[in-house]
Amino acid sequence: MQHLLSLFDIDTQQLKTILRTSAMLREGLAKGDRPAILQRMVIALLFEKPSLRTRVSFETGIAQLGGSSLFLGEDVGWGKRESPADFTNVLGQFVDAVVCRAKSHDRATQLASFNAVPIINGLTDLCHPCQSLADIATIEQALGTYEDKHVVFVGDGNNVSQSLALICAMLDMRFTLACPPEYEMDADWLTQIEAKYPKAKIVQTNDPTGAVVDADAIYTDVWTSMGQEVEAAQRRKVFADFQVNSKLMAAAPSTARVLHCLPAVRGQEITDDVIDSKQSDVIIQAGNRMHAQKALLVWMLNRAWVDKHVPAS
Ligand code: CP
Ligand code: NVA
């Protein structure tokens, strides 16, 4: 059974096919095409953390594809009312896939372990694969190609930066994380990337200004992720020199694009003048969540459509 707990679940060719499908669906939608590729399929969204983009982009994308979605919040009692096996096996009787936003990656992995229904990671503490699909689609849209581009993430070695590092390695792109000491990516995650993609061009540095000098895209995310709220005051101090502001942008090429997964804490990790500048693609990036996830769902649930309609390269 095909799950998408992280982008380690697919290979580079499959990733490129999903990205091509995303661009195709986006261009089609702009002309008014809403092909019913997932007609009568039902996809559950099982979320134990807040969400705007992930929830709404999945729900609208599924509707555009002729399917329907079912939002399952805290009241379904995941992990509280019955065993994880019973919970997942029952869901598998009803729905074609589950998009899951979990407090810990292990909880998402456990859901997938029963192979009762395809599980898609809609964010865990470890990674955010759907976000990184949209990030690369946005870079391609803004710069014409993602090939050979250098993505510089200024901020925390968190779920979003970890997924970006992996997707850049898969696509032979350069990735730099500029972060304070001790806020680097998870060492096991990096080891796994370098084991599977030995040519990965990943650098971690504590110097944001030096990192952005040849950046094609400058990316940031909140300093305090969901679940880390008790560390917020400490993190504000530690990350103070890692703000994406006009001074940092002056050190970067004027052609560099600005990305943020959102939601942002304006005035903290990024200033208003930068996030609202002509270099910023953050709203298009949010919109690409829907196109990329539609492509992912179609690839996972109706591969025959992809084989028939999406060019091989
Ligand atoms: N970027 C992102 O995943 O946003 P939400 O938390 O609103 O889904
Ligand atoms: N790193 C953030 C991303 C939110 C989309 C978090 O986990 O809260």
# chains A, B, ... in the order shown; residues from 1 in each chain; ligands from 1
>>> select_by_dssp(residues="region 81-308 of chain A", states="alpha helix (DSSP H)", output="number ranges by chain")
A: 84-94, 105-113, 129-143, 159-170, 187-196, 208-211, 232-238, 246-250, 272-275, 282-301, 303-308
>>> residues_near_ligand(ligand="ligand 2", cutoff="12 Å", atoms="only C-alpha atoms and all ligand atoms", output="PyMOL selection string")
chain A and resi 49-55+101-105+122-132+155-164+220-229+232+260-265+269+286+289
>>> select_by_dssp(residues="region 57-184 of chain A", states="strand (DSSP E or B)", output="PyMOL selection string")
chain A and resi 68-72+97-101+119-121+150-154+174-178
>>> write_last_selection(atoms="N, CA and C atoms", output="PDB file, in the first residue's frame")
ATOM      1  N   SER A  68     -15.017  13.685  -2.151  1.00  0.00           N
ATOM      2  CA  SER A  68     -15.475  14.445  -0.993  1.00  0.00           C
ATOM      3  C   SER A  68     -14.561  14.180   0.190  1.00  0.00           C
ATOM      4  N   SER A  69     -14.592  15.111   1.132  1.00  0.00           N
ATOM      5  CA  SER A  69     -13.689  15.017   2.277  1.00  0.00           C
ATOM      6  C   SER A  69     -14.495  15.053   3.560  1.00  0.00           C
ATOM      7  N   LEU A  70     -13.843  14.568   4.600  1.00  0.00           N
ATOM      8  CA  LEU A  70     -14.507  14.396   5.890  1.00  0.00           C
ATOM      9  C   LEU A  70     -13.511  14.876   6.924  1.00  0.00           C
ATOM     10  N   PHE A  71     -13.822  15.956   7.638  1.00  0.00           N
ATOM     11  CA  PHE A  71     -12.862  16.457   8.633  1.00  0.00           C
ATOM     12  C   PHE A  71     -13.082  15.774   9.978  1.00  0.00           C
ATOM     13  N   LEU A  72     -12.042  15.141  10.500  1.00  0.00           N
ATOM     14  CA  LEU A  72     -12.117  14.437  11.777  1.00  0.00           C
ATOM     15  C   LEU A  72     -11.211  15.149  12.777  1.00  0.00           C
ATOM     16  N   ALA A  97      -8.505   7.300   1.630  1.00  0.00           N
ATOM     17  CA  ALA A  97      -7.194   7.753   2.126  1.00  0.00           C
ATOM     18  C   ALA A  97      -7.442   8.611   3.364  1.00  0.00           C
ATOM     19  N   VAL A  98      -6.392   8.765   4.167  1.00  0.00           N
ATOM     20  CA  VAL A  98      -6.461   9.624   5.355  1.00  0.00           C
ATOM     21  C   VAL A  98      -5.293  10.611   5.295  1.00  0.00           C
ATOM     22  N   VAL A  99      -5.611  11.883   5.368  1.00  0.00           N
ATOM     23  CA  VAL A  99      -4.573  12.906   5.541  1.00  0.00           C
ATOM     24  C   VAL A  99      -4.482  13.159   7.042  1.00  0.00           C
ATOM     25  N   CYS A 100      -3.295  13.042   7.576  1.00  0.00           N
ATOM     26  CA  CYS A 100      -3.192  13.051   9.028  1.00  0.00           C
ATOM     27  C   CYS A 100      -2.222  14.133   9.498  1.00  0.00           C
ATOM     28  N   ARG A 101      -2.672  14.991  10.387  1.00  0.00           N
ATOM     29  CA  ARG A 101      -1.797  15.990  11.031  1.00  0.00           C
ATOM     30  C   ARG A 101      -1.657  15.569  12.487  1.00  0.00           C
ATOM     31  N   ILE A 119      -2.058   6.514   4.109  1.00  0.00           N
ATOM     32  CA  ILE A 119      -1.911   7.646   5.038  1.00  0.00           C
ATOM     33  C   ILE A 119      -1.002   8.698   4.397  1.00  0.00           C
ATOM     34  N   ILE A 120      -1.465   9.939   4.415  1.00  0.00           N
ATOM     35  CA  ILE A 120      -0.678  11.071   3.898  1.00  0.00           C
ATOM     36  C   ILE A 120      -0.357  11.987   5.073  1.00  0.00           C
ATOM     37  N   ASN A 121       0.906  12.330   5.212  1.00  0.00           N
ATOM     38  CA  ASN A 121       1.336  13.208   6.296  1.00  0.00           C
ATOM     39  C   ASN A 121       0.970  14.664   5.974  1.00  0.00           C
ATOM     40  N   HIS A 150      19.391  27.194  -5.580  1.00  0.00           N
ATOM     41  CA  HIS A 150      19.907  27.166  -4.206  1.00  0.00           C
ATOM     42  C   HIS A 150      18.849  27.732  -3.265  1.00  0.00           C
ATOM     43  N   VAL A 151      18.352  26.875  -2.390  1.00  0.00           N
ATOM     44  CA  VAL A 151      17.343  27.290  -1.412  1.00  0.00           C
ATOM     45  C   VAL A 151      18.047  27.504  -0.069  1.00  0.00           C
ATOM     46  N   VAL A 152      17.866  28.692   0.485  1.00  0.00           N
ATOM     47  CA  VAL A 152      18.475  29.000   1.793  1.00  0.00           C
ATOM     48  C   VAL A 152      17.356  29.196   2.811  1.00  0.00           C
ATOM     49  N   PHE A 153      17.332  28.339   3.792  1.00  0.00           N
ATOM     50  CA  PHE A 153      16.323  28.421   4.861  1.00  0.00           C
ATOM     51  C   PHE A 153      16.980  29.112   6.043  1.00  0.00           C
ATOM     52  N   VAL A 154      16.407  30.224   6.459  1.00  0.00           N
ATOM     53  CA  VAL A 154      16.954  30.977   7.587  1.00  0.00           C
ATOM     54  C   VAL A 154      16.013  30.766   8.769  1.00  0.00           C
ATOM     55  N   ARG A 174      20.674  22.675  -4.384  1.00  0.00           N
ATOM     56  CA  ARG A 174      21.460  23.021  -3.177  1.00  0.00           C
ATOM     57  C   ARG A 174      20.517  23.487  -2.074  1.00  0.00           C
ATOM     58  N   PHE A 175      20.827  23.074  -0.844  1.00  0.00           N
ATOM     59  CA  PHE A 175      20.033  23.507   0.304  1.00  0.00           C
ATOM     60  C   PHE A 175      20.957  23.944   1.426  1.00  0.00           C
ATOM     61  N   THR A 176      20.740  25.143   1.940  1.00  0.00           N
ATOM     62  CA  THR A 176      21.506  25.626   3.090  1.00  0.00           C
ATOM     63  C   THR A 176      20.542  25.983   4.213  1.00  0.00           C
ATOM     64  N   LEU A 177      20.849  25.515   5.408  1.00  0.00           N
ATOM     65  CA  LEU A 177      20.105  25.931   6.599  1.00  0.00           C
ATOM     66  C   LEU A 177      21.004  26.860   7.411  1.00  0.00           C
ATOM     67  N   ALA A 178      20.556  28.112   7.578  1.00  0.00           N
ATOM     68  CA  ALA A 178      21.270  29.055   8.451  1.00  0.00           C
ATOM     69  C   ALA A 178      20.490  29.138   9.750  1.00  0.00           C
TER      70      ALA A 178
END
>>> residues_around(residues="Gly32 (chain A)", least_positions_apart="6", cutoff="12 Å", atoms="only C-alpha atoms", output="compact mmCIF listing (two decimals) with C-alpha atoms, in the first residue's frame")
# COMPACT_ATOMS: atom_id res chain seq x y z
CA LEU A 25 -3.66 20.56 -12.99
CA ARG A 26 -2.86 24.19 -12.10
CA GLN A 64 -12.51 19.97 -7.52
>>> closest_residue(among="A:Met185, A:Ala215, A:Leu143, A:Ile283", to="ligand 1", atoms="only C-alpha atoms and all ligand atoms")
A:Ile283
>>> residues_around(residues="Gly92 (chain A)", least_positions_apart="2", cutoff="6 Å", atoms="only C-alpha atoms", output="PDB file with C-alpha atoms, in the first residue's frame")
ATOM      1  CA  ASN A  89      -8.943  -0.652  10.437  1.00  0.00           C
ATOM      2  CA  VAL A  90     -12.391   0.882  10.893  1.00  0.00           C
ATOM      3  CA  PHE A  94     -14.977   3.712   4.866  1.00  0.00           C
ATOM      4  CA  VAL A  95     -12.464   6.032   3.258  1.00  0.00           C
ATOM      5  CA  ALA A 116      -5.644  -0.425   6.292  1.00  0.00           C
ATOM      6  CA  VAL A 117      -5.794   2.788   4.247  1.00  0.00           C
TER       7      VAL A 117
END
>>> atom_distance(atom1="CA of Gly66 (chain A)", atom2="CA of Asn288 (chain A)")
18.9 Å
>>> residues_around(residues="region 75-88 of chain A", least_positions_apart="6", cutoff="9 Å", atoms="only C-alpha atoms", output="PDB file with C-alpha atoms, in the first residue's frame")
ATOM      1  CA  LEU A  46      -7.610  13.518  10.732  1.00  0.00           C
ATOM      2  CA  GLU A  48      -4.931  16.965  16.051  1.00  0.00           C
ATOM      3  CA  ARG A 107       1.560   8.426  15.668  1.00  0.00           C
ATOM      4  CA  GLN A 110       1.624   3.793  13.590  1.00  0.00           C
ATOM      5  CA  LEU A 111      -1.542   4.561  11.580  1.00  0.00           C
ATOM      6  CA  ALA A 112       0.242   3.515   8.396  1.00  0.00           C
ATOM      7  CA  SER A 113       1.643   0.338   9.973  1.00  0.00           C
ATOM      8  CA  PHE A 114      -1.732  -1.430   9.769  1.00  0.00           C
ATOM      9  CA  ASN A 115      -1.897  -0.914   5.987  1.00  0.00           C
ATOM     10  CA  ALA A 116      -5.644  -0.425   6.292  1.00  0.00           C
ATOM     11  CA  VAL A 117      -5.794   2.788   4.247  1.00  0.00           C
TER      12      VAL A 117
END
>>> decode(residues="region 211-243 of chain A", atoms="N, CA and C atoms", output="PDB file, in the first residue's frame")
ATOM      1  N   ALA A 211      25.149  32.952   4.027  1.00  0.00           N
ATOM      2  CA  ALA A 211      24.374  31.893   3.366  1.00  0.00           C
ATOM      3  C   ALA A 211      23.573  32.419   2.174  1.00  0.00           C
ATOM      4  N   VAL A 212      23.084  33.663   2.277  1.00  0.00           N
ATOM      5  CA  VAL A 212      22.152  34.140   1.244  1.00  0.00           C
ATOM      6  C   VAL A 212      22.836  34.774   0.028  1.00  0.00           C
ATOM      7  N   VAL A 213      24.172  34.876   0.028  1.00  0.00           N
ATOM      8  CA  VAL A 213      24.824  35.647  -1.055  1.00  0.00           C
ATOM      9  C   VAL A 213      24.517  35.110  -2.452  1.00  0.00           C
ATOM     10  N   ASP A 214      24.344  33.804  -2.584  1.00  0.00           N
ATOM     11  CA  ASP A 214      23.979  33.286  -3.910  1.00  0.00           C
ATOM     12  C   ASP A 214      22.660  32.492  -3.849  1.00  0.00           C
ATOM     13  N   ALA A 215      21.742  32.964  -3.010  1.00  0.00           N
ATOM     14  CA  ALA A 215      20.451  32.274  -2.860  1.00  0.00           C
ATOM     15  C   ALA A 215      19.541  32.556  -4.047  1.00  0.00           C
ATOM     16  N   ASP A 216      18.840  31.525  -4.496  1.00  0.00           N
ATOM     17  CA  ASP A 216      17.757  31.727  -5.468  1.00  0.00           C
ATOM     18  C   ASP A 216      16.425  31.890  -4.741  1.00  0.00           C
ATOM     19  N   ALA A 217      16.319  31.268  -3.574  1.00  0.00           N
ATOM     20  CA  ALA A 217      15.106  31.408  -2.763  1.00  0.00           C
ATOM     21  C   ALA A 217      15.519  31.469  -1.295  1.00  0.00           C
ATOM     22  N   ILE A 218      14.918  32.420  -0.583  1.00  0.00           N
ATOM     23  CA  ILE A 218      15.180  32.563   0.856  1.00  0.00           C
ATOM     24  C   ILE A 218      13.883  32.220   1.567  1.00  0.00           C
ATOM     25  N   TYR A 219      13.983  31.266   2.471  1.00  0.00           N
ATOM     26  CA  TYR A 219      12.785  30.675   3.072  1.00  0.00           C
ATOM     27  C   TYR A 219      12.883  30.848   4.574  1.00  0.00           C
ATOM     28  N   THR A 220      11.770  31.142   5.215  1.00  0.00           N
ATOM     29  CA  THR A 220      11.773  31.081   6.674  1.00  0.00           C
ATOM     30  C   THR A 220      10.441  30.547   7.182  1.00  0.00           C
ATOM     31  N   ASP A 221      10.419  30.222   8.451  1.00  0.00           N
ATOM     32  CA  ASP A 221       9.229  29.684   9.126  1.00  0.00           C
ATOM     33  C   ASP A 221       9.275  30.221  10.556  1.00  0.00           C
ATOM     34  N   VAL A 222       8.211  29.986  11.287  1.00  0.00           N
ATOM     35  CA  VAL A 222       8.156  30.473  12.672  1.00  0.00           C
ATOM     36  C   VAL A 222       9.339  29.943  13.492  1.00  0.00           C
ATOM     37  N   TRP A 223       9.717  30.717  14.490  1.00  0.00           N
ATOM     38  CA  TRP A 223      10.796  30.281  15.387  1.00  0.00           C
ATOM     39  C   TRP A 223      10.279  29.256  16.402  1.00  0.00           C
ATOM     40  N   THR A 224       8.989  29.350  16.709  1.00  0.00           N
ATOM     41  CA  THR A 224       8.378  28.425  17.678  1.00  0.00           C
ATOM     42  C   THR A 224       7.261  27.675  16.977  1.00  0.00           C
ATOM     43  N   SER A 225       7.466  26.393  16.740  1.00  0.00           N
ATOM     44  CA  SER A 225       6.442  25.593  16.062  1.00  0.00           C
ATOM     45  C   SER A 225       5.349  25.173  17.038  1.00  0.00           C
ATOM     46  N   MET A 226       4.247  24.690  16.468  1.00  0.00           N
ATOM     47  CA  MET A 226       3.137  24.202  17.300  1.00  0.00           C
ATOM     48  C   MET A 226       3.649  23.100  18.229  1.00  0.00           C
ATOM     49  N   GLY A 227       3.341  23.221  19.492  1.00  0.00           N
ATOM     50  CA  GLY A 227       3.793  22.228  20.473  1.00  0.00           C
ATOM     51  C   GLY A 227       5.029  22.690  21.237  1.00  0.00           C
ATOM     52  N   GLN A 228       5.674  23.777  20.766  1.00  0.00           N
ATOM     53  CA  GLN A 228       6.911  24.264  21.441  1.00  0.00           C
ATOM     54  C   GLN A 228       6.654  25.565  22.208  1.00  0.00           C
ATOM     55  N   GLU A 229       5.399  25.859  22.473  1.00  0.00           N
ATOM     56  CA  GLU A 229       5.036  27.178  23.007  1.00  0.00           C
ATOM     57  C   GLU A 229       5.798  27.534  24.292  1.00  0.00           C
ATOM     58  N   VAL A 230       6.131  26.552  25.135  1.00  0.00           N
ATOM     59  CA  VAL A 230       6.841  26.881  26.387  1.00  0.00           C
ATOM     60  C   VAL A 230       8.244  27.422  26.113  1.00  0.00           C
ATOM     61  N   GLU A 231       8.770  27.154  24.925  1.00  0.00           N
ATOM     62  CA  GLU A 231      10.132  27.624  24.589  1.00  0.00           C
ATOM     63  C   GLU A 231      10.120  28.987  23.895  1.00  0.00           C
ATOM     64  N   ALA A 232       8.947  29.586  23.721  1.00  0.00           N
ATOM     65  CA  ALA A 232       8.828  30.762  22.847  1.00  0.00           C
ATOM     66  C   ALA A 232       9.752  31.908  23.262  1.00  0.00           C
ATOM     67  N   ALA A 233       9.798  32.228  24.543  1.00  0.00           N
ATOM     68  CA  ALA A 233      10.606  33.386  24.988  1.00  0.00           C
ATOM     69  C   ALA A 233      12.094  33.117  24.723  1.00  0.00           C
ATOM     70  N   GLN A 234      12.530  31.923  25.048  1.00  0.00           N
ATOM     71  CA  GLN A 234      13.923  31.541  24.826  1.00  0.00           C
ATOM     72  C   GLN A 234      14.257  31.596  23.331  1.00  0.00           C
ATOM     73  N   ARG A 235      13.357  31.077  22.510  1.00  0.00           N
ATOM     74  CA  ARG A 235      13.595  31.047  21.069  1.00  0.00           C
ATOM     75  C   ARG A 235      13.661  32.460  20.481  1.00  0.00           C
ATOM     76  N   ARG A 236      12.842  33.370  20.995  1.00  0.00           N
ATOM     77  CA  ARG A 236      12.896  34.755  20.489  1.00  0.00           C
ATOM     78  C   ARG A 236      14.293  35.336  20.683  1.00  0.00           C
ATOM     79  N   LYS A 237      14.923  34.997  21.799  1.00  0.00           N
ATOM     80  CA  LYS A 237      16.291  35.497  22.054  1.00  0.00           C
ATOM     81  C   LYS A 237      17.296  34.810  21.130  1.00  0.00           C
ATOM     82  N   VAL A 238      17.217  33.488  21.060  1.00  0.00           N
ATOM     83  CA  VAL A 238      18.214  32.699  20.318  1.00  0.00           C
ATOM     84  C   VAL A 238      18.176  33.027  18.820  1.00  0.00           C
ATOM     85  N   PHE A 239      16.969  33.286  18.295  1.00  0.00           N
ATOM     86  CA  PHE A 239      16.821  33.477  16.839  1.00  0.00           C
ATOM     87  C   PHE A 239      16.889  34.953  16.418  1.00  0.00           C
ATOM     88  N   ALA A 240      17.170  35.855  17.379  1.00  0.00           N
ATOM     89  CA  ALA A 240      17.081  37.292  17.070  1.00  0.00           C
ATOM     90  C   ALA A 240      17.916  37.706  15.848  1.00  0.00           C
ATOM     91  N   ASP A 241      19.059  37.057  15.638  1.00  0.00           N
ATOM     92  CA  ASP A 241      19.913  37.437  14.493  1.00  0.00           C
ATOM     93  C   ASP A 241      19.554  36.664  13.219  1.00  0.00           C
ATOM     94  N   PHE A 242      18.424  35.961  13.252  1.00  0.00           N
ATOM     95  CA  PHE A 242      18.049  35.123  12.096  1.00  0.00           C
ATOM     96  C   PHE A 242      16.725  35.591  11.485  1.00  0.00           C
ATOM     97  N   GLN A 243      16.493  36.898  11.579  1.00  0.00           N
ATOM     98  CA  GLN A 243      15.281  37.465  10.993  1.00  0.00           C
ATOM     99  C   GLN A 243      15.508  37.734   9.498  1.00  0.00           C
TER     100      GLN A 243
END
